[in-house]
Every structure is written in C-alpha cells, then in structure tokens.
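Here's target-v5.txt, which has compact mmCIF, C-alpha atoms and all ligand atoms:
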# COMPACT_ATOMS: atom_id res chain seq x y z
CA MET A 1058 14.75 10.53 8.54
CA GLU A 1059 15.29 14.18 7.67
CA TRP A 1060 11.75 14.94 6.62
CA LEU A 1061 10.36 13.43 9.81
CA ARG A 1062 13.10 15.06 11.92
CA VAL A 1063 13.55 11.87 13.91
CA GLU A 1064 15.52 12.32 17.10
CA ARG A 1065 16.02 10.77 20.52
CA GLY A 1066 12.69 10.64 22.33
CA SER A 1067 10.49 11.36 19.27
CA LEU A 1068 7.29 9.36 19.00
CA ILE A 1069 7.08 8.05 15.44
CA VAL A 1070 4.20 6.02 14.03
CA ASP A 1071 5.09 3.63 11.21
CA GLY A 1072 1.75 2.71 9.62
CA THR A 1073 3.32 0.11 7.34
CA LEU A 1074 5.94 -1.81 9.30
CA GLY A 1075 6.67 -4.49 6.63
CA MET A 1076 10.10 -5.94 7.33
CA GLY A 1077 10.89 -2.96 9.54
CA GLY A 1078 13.51 -1.15 7.46
CA HIS A 1079 12.16 2.30 8.28
CA THR A 1080 11.20 1.41 11.84
CA GLU A 1081 14.68 0.12 12.60
CA ALA A 1082 16.19 3.36 11.32
CA PHE A 1083 13.82 5.33 13.60
CA LEU A 1084 14.74 3.14 16.57
CA LYS A 1085 18.45 3.50 15.89
CA ARG A 1086 17.99 7.26 16.15
CA GLY A 1087 16.52 6.78 19.61
CA ALA A 1088 12.84 7.27 18.73
CA LYS A 1089 9.98 5.35 20.27
CA VAL A 1090 7.96 3.66 17.51
CA TYR A 1091 4.32 2.62 17.31
CA ALA A 1092 4.16 0.31 14.30
CA PHE A 1093 1.13 -1.05 12.44
CA GLU A 1094 1.21 -4.07 10.11
CA TRP A 1095 -1.75 -6.18 9.05
CA ASN A 1096 0.05 -9.04 7.31
CA GLU A 1097 0.37 -11.96 9.72
CA ASP A 1098 3.50 -13.54 8.18
CA SER A 1099 5.39 -10.24 7.98
CA LEU A 1100 4.58 -9.61 11.65
CA GLU A 1101 6.08 -12.90 12.72
CA VAL A 1102 9.35 -12.26 10.86
CA VAL A 1103 9.70 -8.60 11.83
CA SER A 1104 8.84 -9.07 15.51
CA GLU A 1105 11.66 -11.59 15.81
CA ARG A 1106 14.02 -9.38 13.80
CA LEU A 1107 13.47 -6.27 15.95
CA LYS A 1108 12.98 -7.84 19.38
CA GLU A 1109 16.24 -6.35 20.71
CA TYR A 1110 14.55 -2.92 20.78
CA GLY A 1111 12.21 -4.03 23.58
CA ASP A 1112 9.64 -1.51 24.77
CA ASN A 1113 10.80 1.22 22.39
CA LEU A 1114 8.85 -0.65 19.71
CA GLN A 1115 5.12 -1.29 20.11
CA VAL A 1116 3.67 -3.41 17.33
CA PHE A 1117 -0.05 -3.36 16.49
CA PRO A 1118 -1.25 -6.26 14.31
CA ILE A 1119 -3.96 -4.14 12.71
CA SER A 1120 -4.58 -1.81 9.78
CA PHE A 1121 -3.18 1.71 9.77
CA VAL A 1122 -6.75 3.00 9.64
CA TYR A 1123 -6.73 2.51 13.44
CA ILE A 1124 -3.80 4.89 14.11
CA LYS A 1125 -6.08 7.65 15.40
CA GLU A 1126 -8.02 5.27 17.62
CA VAL A 1127 -4.88 3.80 19.22
CA LEU A 1128 -3.16 7.15 19.84
CA GLN A 1129 -6.29 8.77 21.23
CA ARG A 1130 -6.87 5.82 23.54
CA GLU A 1131 -3.36 6.32 24.93
CA ARG A 1132 -3.72 10.13 24.92
CA LEU A 1133 -0.66 10.54 22.71
CA LEU A 1134 0.28 12.87 19.88
CA ALA A 1135 2.86 11.75 17.32
CA ASP A 1136 5.92 13.72 16.22
CA GLY A 1137 5.88 11.94 12.89
CA VAL A 1138 3.80 9.42 10.96
CA LEU A 1139 5.00 7.42 7.96
CA LEU A 1140 2.91 5.48 5.45
CA ASP A 1141 5.00 3.49 2.94
CA LEU A 1142 2.14 2.11 0.89
CA GLY A 1143 1.50 -1.07 -1.04
CA LEU A 1144 3.37 -4.33 -1.15
CA SER A 1145 6.70 -5.32 0.37
CA SER A 1146 9.21 -7.53 -1.44
CA PHE A 1147 8.37 -10.13 1.21
CA LEU A 1148 4.71 -10.20 0.14
CA ILE A 1149 5.58 -10.36 -3.56
CA GLU A 1150 8.18 -13.08 -3.20
CA ARG A 1151 7.21 -15.15 -0.20
CA SER A 1152 3.54 -14.84 0.65
CA GLY A 1153 2.24 -17.35 -1.94
CA ARG A 1154 -0.88 -15.18 -2.29
CA GLY A 1155 -0.71 -14.41 -5.99
CA PHE A 1156 0.64 -10.85 -5.99
CA SER A 1157 3.09 -11.52 -8.85
CA PHE A 1158 2.09 -12.35 -12.42
CA GLN A 1159 5.42 -14.14 -12.77
CA LYS A 1160 4.50 -16.99 -10.42
CA ASP A 1161 1.56 -19.40 -10.67
CA GLU A 1162 -0.17 -19.08 -7.30
CA PRO A 1163 -3.78 -19.04 -6.05
CA LEU A 1164 -5.58 -15.80 -6.90
CA ASP A 1165 -5.80 -14.55 -3.34
CA MET A 1166 -4.11 -11.10 -3.14
CA ARG A 1167 -5.28 -10.37 0.42
CA MET A 1168 -2.52 -8.63 2.36
CA SER A 1169 -4.35 -9.54 5.56
CA LEU A 1170 -6.41 -12.67 6.23
CA GLU A 1171 -8.90 -10.46 8.09
CA LEU A 1172 -10.18 -9.41 4.67
CA LYS A 1173 -13.13 -11.43 3.47
CA LEU A 1174 -12.97 -11.44 -0.33
CA THR A 1175 -10.07 -12.83 -2.36
CA ALA A 1176 -9.10 -11.88 -5.91
CA GLU A 1177 -10.65 -15.18 -7.01
CA ASP A 1178 -13.99 -14.21 -5.42
CA LEU A 1179 -13.84 -10.80 -6.99
CA LEU A 1180 -12.99 -12.04 -10.49
CA ASN A 1181 -15.53 -14.86 -10.52
CA ARG A 1182 -18.42 -13.37 -8.56
CA SER A 1183 -18.56 -9.67 -9.39
CA SER A 1184 -21.05 -8.62 -12.02
CA GLU A 1185 -19.73 -7.51 -15.39
CA LYS A 1186 -20.54 -3.91 -14.47
CA GLU A 1187 -18.74 -4.08 -11.11
CA LEU A 1188 -15.71 -5.69 -12.70
CA GLY A 1189 -15.66 -3.01 -15.40
CA GLU A 1190 -15.73 -0.29 -12.75
CA ILE A 1191 -12.92 -1.88 -10.73
CA LEU A 1192 -10.73 -2.11 -13.85
CA LYS A 1193 -11.63 1.41 -14.93
CA ARG A 1194 -10.70 2.80 -11.49
CA GLY A 1195 -7.34 1.04 -11.92
CA GLU A 1196 -6.93 2.80 -15.30
CA VAL A 1197 -6.89 -0.49 -17.21
CA PRO A 1198 -7.48 0.22 -20.93
CA ARG A 1199 -10.79 -0.86 -22.53
CA ALA A 1200 -12.00 -1.82 -19.06
CA SER A 1201 -15.67 -2.55 -19.93
CA SER A 1202 -14.89 -4.81 -22.88
CA PHE A 1203 -12.21 -6.60 -20.89
CA ALA A 1204 -14.70 -7.17 -18.04
CA LYS A 1205 -17.15 -8.64 -20.55
CA TYR A 1206 -14.43 -10.94 -21.85
CA ILE A 1207 -13.55 -12.14 -18.33
CA CYS A 1208 -17.23 -12.97 -17.73
CA SER A 1209 -17.41 -15.06 -20.91
CA VAL A 1210 -14.23 -16.97 -19.97
CA ARG A 1211 -15.23 -17.63 -16.34
CA LYS A 1212 -18.56 -19.12 -17.44
CA LYS A 1213 -16.61 -21.99 -19.01
CA LYS A 1214 -14.01 -22.27 -16.25
CA PRO A 1215 -13.61 -20.03 -13.20
CA LEU A 1216 -10.27 -18.26 -12.80
CA ALA A 1217 -8.33 -19.84 -9.95
CA LYS A 1218 -4.62 -19.18 -10.43
CA THR A 1219 -2.56 -16.13 -11.36
CA PHE A 1220 -1.62 -17.73 -14.69
CA ASP A 1221 -5.35 -18.00 -15.54
CA LEU A 1222 -5.54 -14.22 -15.21
CA VAL A 1223 -2.33 -13.81 -17.23
CA SER A 1224 -3.86 -15.94 -20.06
CA VAL A 1225 -7.06 -13.89 -20.07
CA VAL A 1226 -5.05 -10.66 -20.37
CA ARG A 1227 -2.93 -12.11 -23.20
CA ASP A 1228 -5.93 -13.53 -25.09
CA PHE A 1229 -7.91 -10.28 -24.88
CA TYR A 1230 -5.23 -7.65 -25.54
CA HIS A 1231 -2.64 -9.58 -27.60
CA PRO A 1232 -0.03 -7.18 -26.23
CA SER A 1233 3.44 -6.86 -27.74
CA LYS A 1234 6.24 -8.34 -25.63
CA LYS A 1235 7.24 -4.79 -24.71
CA LYS A 1236 3.79 -3.75 -23.48
CA GLU A 1237 2.78 -7.03 -21.84
CA LYS A 1238 4.48 -6.44 -18.47
CA ASP A 1239 2.97 -2.97 -17.99
CA LEU A 1240 -0.47 -4.23 -18.86
CA LEU A 1241 -0.25 -7.21 -16.51
CA ALA A 1242 1.06 -4.94 -13.76
CA LEU A 1243 -1.90 -2.61 -14.25
CA VAL A 1244 -4.52 -5.40 -14.19
CA PHE A 1245 -2.98 -7.12 -11.14
CA GLN A 1246 -2.72 -3.78 -9.37
CA ALA A 1247 -6.35 -2.86 -10.07
CA ILE A 1248 -7.56 -6.14 -8.56
CA ARG A 1249 -5.19 -5.93 -5.59
CA ILE A 1250 -6.26 -2.37 -4.75
CA GLU A 1251 -9.89 -3.49 -4.68
CA VAL A 1252 -9.31 -6.67 -2.66
CA ASN A 1253 -7.45 -4.70 0.01
CA HIS A 1254 -9.62 -1.52 -0.08
CA GLU A 1255 -6.38 0.37 -0.49
CA LEU A 1256 -7.81 3.69 -1.63
CA GLU A 1257 -10.54 3.73 1.01
CA ASN A 1258 -7.98 2.93 3.71
CA LEU A 1259 -5.64 5.66 2.53
CA GLU A 1260 -8.44 8.21 2.36
CA ARG A 1261 -9.52 7.48 5.93
CA ALA A 1262 -5.95 7.48 7.25
CA LEU A 1263 -5.15 10.82 5.59
CA ARG A 1264 -8.29 12.34 7.05
CA GLU A 1265 -7.70 11.08 10.60
CA ILE A 1266 -3.92 11.18 11.12
CA PRO A 1267 -3.63 15.01 11.36
CA GLU A 1268 -5.82 14.80 14.50
CA VAL A 1269 -3.12 12.84 16.31
CA LEU A 1270 -0.10 14.84 15.10
CA ARG A 1271 1.34 17.37 17.52
CA SER A 1272 1.63 20.88 16.16
CA GLY A 1273 4.77 20.89 13.99
CA GLY A 1274 4.51 17.09 13.66
CA ARG A 1275 4.87 15.65 10.18
CA LEU A 1276 3.08 13.13 8.00
CA ALA A 1277 5.13 11.47 5.24
CA VAL A 1278 3.56 9.24 2.59
CA ILE A 1279 5.44 7.14 0.05
CA SER A 1280 3.20 5.93 -2.77
CA PHE A 1281 3.87 3.73 -5.77
CA HIS A 1282 1.10 4.51 -8.24
CA SER A 1283 -0.63 7.57 -9.57
CA LEU A 1284 -4.04 6.82 -7.99
CA GLU A 1285 -2.53 7.01 -4.53
CA ASP A 1286 -0.19 9.87 -5.27
CA ARG A 1287 -3.04 11.98 -6.64
CA MET A 1288 -5.07 11.31 -3.50
CA VAL A 1289 -2.16 12.28 -1.23
CA LYS A 1290 -1.44 15.45 -3.22
CA ARG A 1291 -5.08 16.57 -3.24
CA THR A 1292 -5.81 15.72 0.40
CA PHE A 1293 -2.67 17.46 1.68
CA LYS A 1294 -3.51 20.57 -0.33
CA GLU A 1295 -7.16 20.73 0.76
CA ASP A 1296 -6.54 20.01 4.46
CA GLU A 1297 -6.43 23.31 6.36
CA ARG A 1298 -4.69 21.66 9.30
CA LEU A 1299 -1.68 20.87 7.10
CA LEU A 1300 1.15 22.82 5.53
CA VAL A 1301 2.56 21.03 2.47
CA LEU A 1302 6.35 20.82 2.62
CA THR A 1303 6.96 19.08 -0.71
CA LYS A 1304 5.68 21.17 -3.62
CA LYS A 1305 6.79 18.35 -5.91
CA PRO A 1306 7.09 14.73 -4.76
CA VAL A 1307 10.55 13.60 -3.70
CA ARG A 1308 11.83 10.88 -6.05
CA PRO A 1309 14.62 8.34 -5.58
CA SER A 1310 18.03 9.18 -7.04
CA LEU A 1311 19.39 7.15 -9.96
CA GLU A 1312 21.81 5.58 -7.54
CA GLU A 1313 18.97 4.44 -5.28
CA ILE A 1314 17.06 3.03 -8.25
CA ARG A 1315 20.17 1.14 -9.35
CA GLU A 1316 20.51 -0.38 -5.89
CA ASN A 1317 16.78 -1.02 -5.45
CA PRO A 1318 14.83 -1.08 -8.76
CA ARG A 1319 11.50 -1.44 -6.90
CA ALA A 1320 11.99 2.14 -5.68
CA ARG A 1321 11.75 3.50 -9.23
CA SER A 1322 8.08 4.55 -9.04
CA ALA A 1323 8.17 5.79 -5.43
CA LYS A 1324 6.95 9.30 -4.63
CA LEU A 1325 7.31 10.86 -1.18
CA ARG A 1326 5.10 13.73 -0.05
CA VAL A 1327 5.34 15.38 3.37
CA ALA A 1328 3.05 17.77 5.25
CA GLU A 1329 3.34 19.46 8.65
CA ARG A 1330 0.60 19.96 11.21
CA ARG A 1331 -0.02 23.69 11.71
CA SER A 1332 -0.32 25.03 15.24
C1 LIG B 1401 5.98 -1.09 1.09
S1 LIG B 1401 5.76 -2.16 2.43
C2 LIG B 1401 6.53 -1.34 3.75
C3 LIG B 1401 7.97 -1.68 3.91
C4 LIG B 1401 8.58 -1.09 5.17
N1 LIG B 1401 8.61 0.35 5.15
C5 LIG B 1401 9.97 -1.65 5.43
O1 LIG B 1401 10.87 -0.83 5.68
O2 LIG B 1401 10.13 -2.87 5.41
C6 LIG B 1401 4.08 -1.96 2.87
C7 LIG B 1401 3.66 -2.81 4.07
O3 LIG B 1401 2.46 -2.22 4.56
C8 LIG B 1401 1.54 -3.22 4.86
N2 LIG B 1401 0.22 -2.62 4.72
C9 LIG B 1401 -0.39 -2.23 3.57
N3 LIG B 1401 -1.59 -1.69 3.84
C10 LIG B 1401 -1.72 -1.73 5.19
C11 LIG B 1401 -2.75 -1.32 6.09
N4 LIG B 1401 -3.90 -0.78 5.65
N5 LIG B 1401 -2.53 -1.47 7.40
C12 LIG B 1401 -1.39 -2.03 7.88
N6 LIG B 1401 -0.40 -2.46 7.08
C13 LIG B 1401 -0.57 -2.31 5.75
C14 LIG B 1401 1.83 -4.35 3.89
O4 LIG B 1401 1.39 -5.57 4.41
C15 LIG B 1401 3.34 -4.25 3.75
O5 LIG B 1401 3.98 -5.08 4.66

Target format structure tokens, applied to this file:
Amino acid sequence: MEWLRVERGSLIVDGTLGMGGHTEAFLKRGAKVYAFEWNEDSLEVVSERLKEYGDNLQVFPISFVYIKEVLQRERLLADGVLLDLGLSSFLIERSGRGFSFQKDEPLDMRMSLELKLTAEDLLNRSSEKELGEILKRGEVPRASSFAKYICSVRKKKPLAKTFDLVSVVRDFYHPSKKKEKDLLALVFQAIRIEVNHELENLERALREIPEVLRSGGRLAVISFHSLEDRMVKRTFKEDERLLVLTKKPVRPSLEEIRENPRARSAKLRVAERRS
C-alpha cells in the first residue's frame, strides 16, 4: 500500500488478481481497480467475493500482458501497477491441475485453459534437446542427463500424473530426504514456467507497463524465484523511463513468514515512472 501510495481516487492495476487480497486492500483505500486474472476458477470465486465493490472494480479475464492494450484503449494512465507473480494457494490446493508434487493429479499445470500445451504434452512430446533446455533454464541440476533419462522412461510408459514425475526425479537423482523437496520444487517449477510462458509474459509486461503509467506512477513486482527476480532487477535498471526505488528487494519480516510461510521467498521491487 505504501509503495504504491494508494489513496482515494487512485487508479491501480492489479495484474494478478488471484483471490483478491491486494485488490481488496486497494479498494478499501478508495482506489479504483482494474484487475487481470487468467485462471477461470479463481475468477469465479473472486468475482463473487468482491462484488460489493461494484464499478470500482473492473475485472478482465485475460493475461496481464494485455494491460497496455486495455489502458490505451480506454485512454487511461495508471497511478500504480502491481504484479504478484506465480501461483496462488488456491491454484496449488484446489485447482486439481498438478501444481503440487504432494498430490497425485494429472500433469496439466496450465494456469489458464487458454494455453494449448499441458505439462504432460511438454514432458512426453518435447525432444530430448528441448527438454534439456527447459530444465537448464529452470536451473535444474544435470539437466541434459535428466532429460535423456525422462525420454528413456517415457518410451516405456508416458508420464501422466504428478507422481510419475516424482518417481522419475527420485529414480534419477536418488536425493537425500533433506534435498528431495527442493529438487522436486525446482523440477516442477521449471515445467510450470514453460507451460505458462511465465518469463516471456513477464518480459513483455515489464516492457509495456511503463507506457501506461502516469509520471510519478509506480510499478511494483513481487516475485518468488530468482529467474523472475533477476529479470525484474535488470529490466528496471536498464529502463530509462524508470527510477528504481528499491536498491535491494523488500523481503517479508520473520513475523510475516511465521504467519504465512509461502511468503518466505517473496521479493518486492518497485520503480517509478520519470516525468
Ligand atoms: C500469487 S497469485 C496472486 C495473489 C493475489 N495477489 C491475492 O491477493 O490473492 C498469482 C495469480 O496471478 C495469476 N496469473 C499468473 N500469471 C498471470 C498472467 N500472465 N495473467 C493474468 N494472471 C496471471 C495466477 O492465476 C494467480 O491467480
């Protein structure tokens, strides 16, 4: 709230509405909110939850890569834009799309059904080289050899469920109990990022959003892994239209982490549109 200087009458764009925690806080401060969310099930729940705010909340059931297009069409400039990247607890726990390695679900991993390829398609149909590159981009260790191993396993039986992927990771790496969770998180994350084009979407959004910020308007991005954070840090620094306000990323306090352990890896960076 402070970084975006939300006040009565501000126009705030929430690029990642989710369950509407941030948006509701903006609305309570009297802002008008344009919110983007591409997951169909989240939209249904959040629209019902926030309906009391009426016209102060405009919801767009599309990707945040269209923020510039929507604002320019309406000839608007935003006072603040927020991107709170990645998955929501709702998607992890209730989507049934295979985001968690702790539940046996179909290997889907699409945040939006508009996306064509599922994790299952990607794991079973990509070439060994493509798979190796996807894993390498996600900083998975020994990516090329692991890709080769996946290809040998899928020839016998295609991977269909999350637990199939968990078994492949266990059989290839034989990780210790202590390391297993981190490794699984890294592999699942690498596949999810690819299925949802997360880095491409972020790159485009970071490039286009400054065009629809008023001078003095702010862009705040919360990221949850180093690939995204590095992209935010570099893009903010290189963009001449922006003044970086956070030399170091803002991290959650120990108290916040205790209350909400999923916040532990969050990093917030903020930049201001120069005049
Ligand atoms: C970390 S959650 C946001 C939680 C939200 N700030 C709240 O208070 O509930 C990220 C949300 O962004 C959505 N999302 C991710 N990438 C998106 C994109 N390219 N366009 C629109 N929504 C996206 C996800 O579906 C998810 O609901």

Shell around A:Trp1095 at 8 Å using all atoms listed in the file, local window under 6 positions removed, as an mmCIF file with C-alpha atoms, keeping the file's coordinate frame:
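This went into out_8.cif:
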data_model
loop_
_atom_site.group_PDB
_atom_site.id
_atom_site.type_symbol
_atom_site.label_atom_id
_atom_site.label_comp_id
_atom_site.auth_asym_id
_atom_site.auth_seq_id
_atom_site.Cartn_x
_atom_site.Cartn_y
_atom_site.Cartn_z
ATOM 1 C CA PRO A 1118 -1.250 -6.260 14.310
ATOM 2 C CA ILE A 1119 -3.960 -4.140 12.710
ATOM 3 C CA SER A 1120 -4.580 -1.810 9.780
ATOM 4 C CA MET A 1168 -2.520 -8.630 2.360
ATOM 5 C CA SER A 1169 -4.350 -9.540 5.560
#

Can you pull out every residue with an atom within 6 Å of ligand LIG 1401 (chain B)? Use all atoms listed in the file and format it as a short mmCIF file (atom, residue, chain, number, x, y, z; two decimals) with C-alpha atoms, in the frame of the given file.
data_model
loop_
_atom_site.label_atom_id
_atom_site.label_comp_id
_atom_site.auth_asym_id
_atom_site.auth_seq_id
_atom_site.Cartn_x
_atom_site.Cartn_y
_atom_site.Cartn_z
CA GLY A 1072 1.75 2.71 9.62
CA THR A 1073 3.32 0.11 7.34
CA LEU A 1074 5.94 -1.81 9.30
CA GLY A 1075 6.67 -4.49 6.63
CA MET A 1076 10.10 -5.94 7.33
CA GLY A 1077 10.89 -2.96 9.54
CA GLY A 1078 13.51 -1.15 7.46
CA HIS A 1079 12.16 2.30 8.28
CA PHE A 1093 1.13 -1.05 12.44
CA GLU A 1094 1.21 -4.07 10.11
CA TRP A 1095 -1.75 -6.18 9.05
CA ASN A 1096 0.05 -9.04 7.31
CA ILE A 1119 -3.96 -4.14 12.71
CA SER A 1120 -4.58 -1.81 9.78
CA PHE A 1121 -3.18 1.71 9.77
CA ASP A 1141 5.00 3.49 2.94
CA LEU A 1142 2.14 2.11 0.89
CA GLY A 1143 1.50 -1.07 -1.04
CA LEU A 1144 3.37 -4.33 -1.15
CA SER A 1145 6.70 -5.32 0.37
CA MET A 1168 -2.52 -8.63 2.36
CA ASN A 1258 -7.98 2.93 3.71
#

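With all atoms listed in the file as the atoms that count, the residue of A:Lys1213, A:Lys1193, A:Arg1227, A:Arg1275 with the shortest distance to A:Gln1246 is A:Lys1193.
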
### Message
For A:Asn1253, find every residue with an atom within 7 Å (counting only C-alpha atoms), except residues of its own chain fewer than 3 positions away, and show them as an MDAnalysis selection string.
### Response
chainID A and resid 1167:1168 1249:1250

### Query
When you draw a straight line from atom CA of A:Gly1137 to atom CA of A:Ile1124, how long is it in Å?
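Atom-to-atom, atom CA of A:Gly1137 and atom CA of A:Ile1124 are spaced 12.0 Å apart.
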
### Message
Calculated over only C-alpha atoms, which of the candidates A:Val1210, A:Val1307, A:Met1166, A:Leu1300 has the smallest distance to A:Glu1255?
### Response
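The shortest atom-to-atom distance to A:Glu1255 comes from A:Met1166.
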
### Task
Find the residue from A:Leu1270, A:Leu1325, A:Leu1114, A:Cys1208 that sits nearest to A:Gln1129; use all atoms listed in the file when measuring.
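Nearest candidate to A:Gln1129 out of A:Leu1270, A:Leu1325, A:Leu1114, A:Cys1208: A:Leu1270.
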
### Task
Have a look at atom CA of A:Leu1068 and atom CA of A:Val1102 and let me know their distance in Å, one decimal.
23.2 Å

Shell of 10 Å around A:Asp1178, all atoms listed in the file, local chain residues under 2 positions omitted, as a tab-separated table (two decimals) with C-alpha atoms, in the coordinates of the input:
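This is the output file part.tsv:
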chain	number	residue	atom	x	y	z
A	1164	LEU	CA	-5.58	-15.80	-6.90
A	1165	ASP	CA	-5.80	-14.55	-3.34
A	1173	LYS	CA	-13.13	-11.43	3.47
A	1174	LEU	CA	-12.97	-11.44	-0.33
A	1175	THR	CA	-10.07	-12.83	-2.36
A	1176	ALA	CA	-9.10	-11.88	-5.91
A	1180	LEU	CA	-12.99	-12.04	-10.49
A	1181	ASN	CA	-15.53	-14.86	-10.52
A	1182	ARG	CA	-18.42	-13.37	-8.56
A	1183	SER	CA	-18.56	-9.67	-9.39
A	1215	PRO	CA	-13.61	-20.03	-13.20
A	1216	LEU	CA	-10.27	-18.26	-12.80
A	1217	ALA	CA	-8.33	-19.84	-9.95
A	1252	VAL	CA	-9.31	-6.67	-2.66
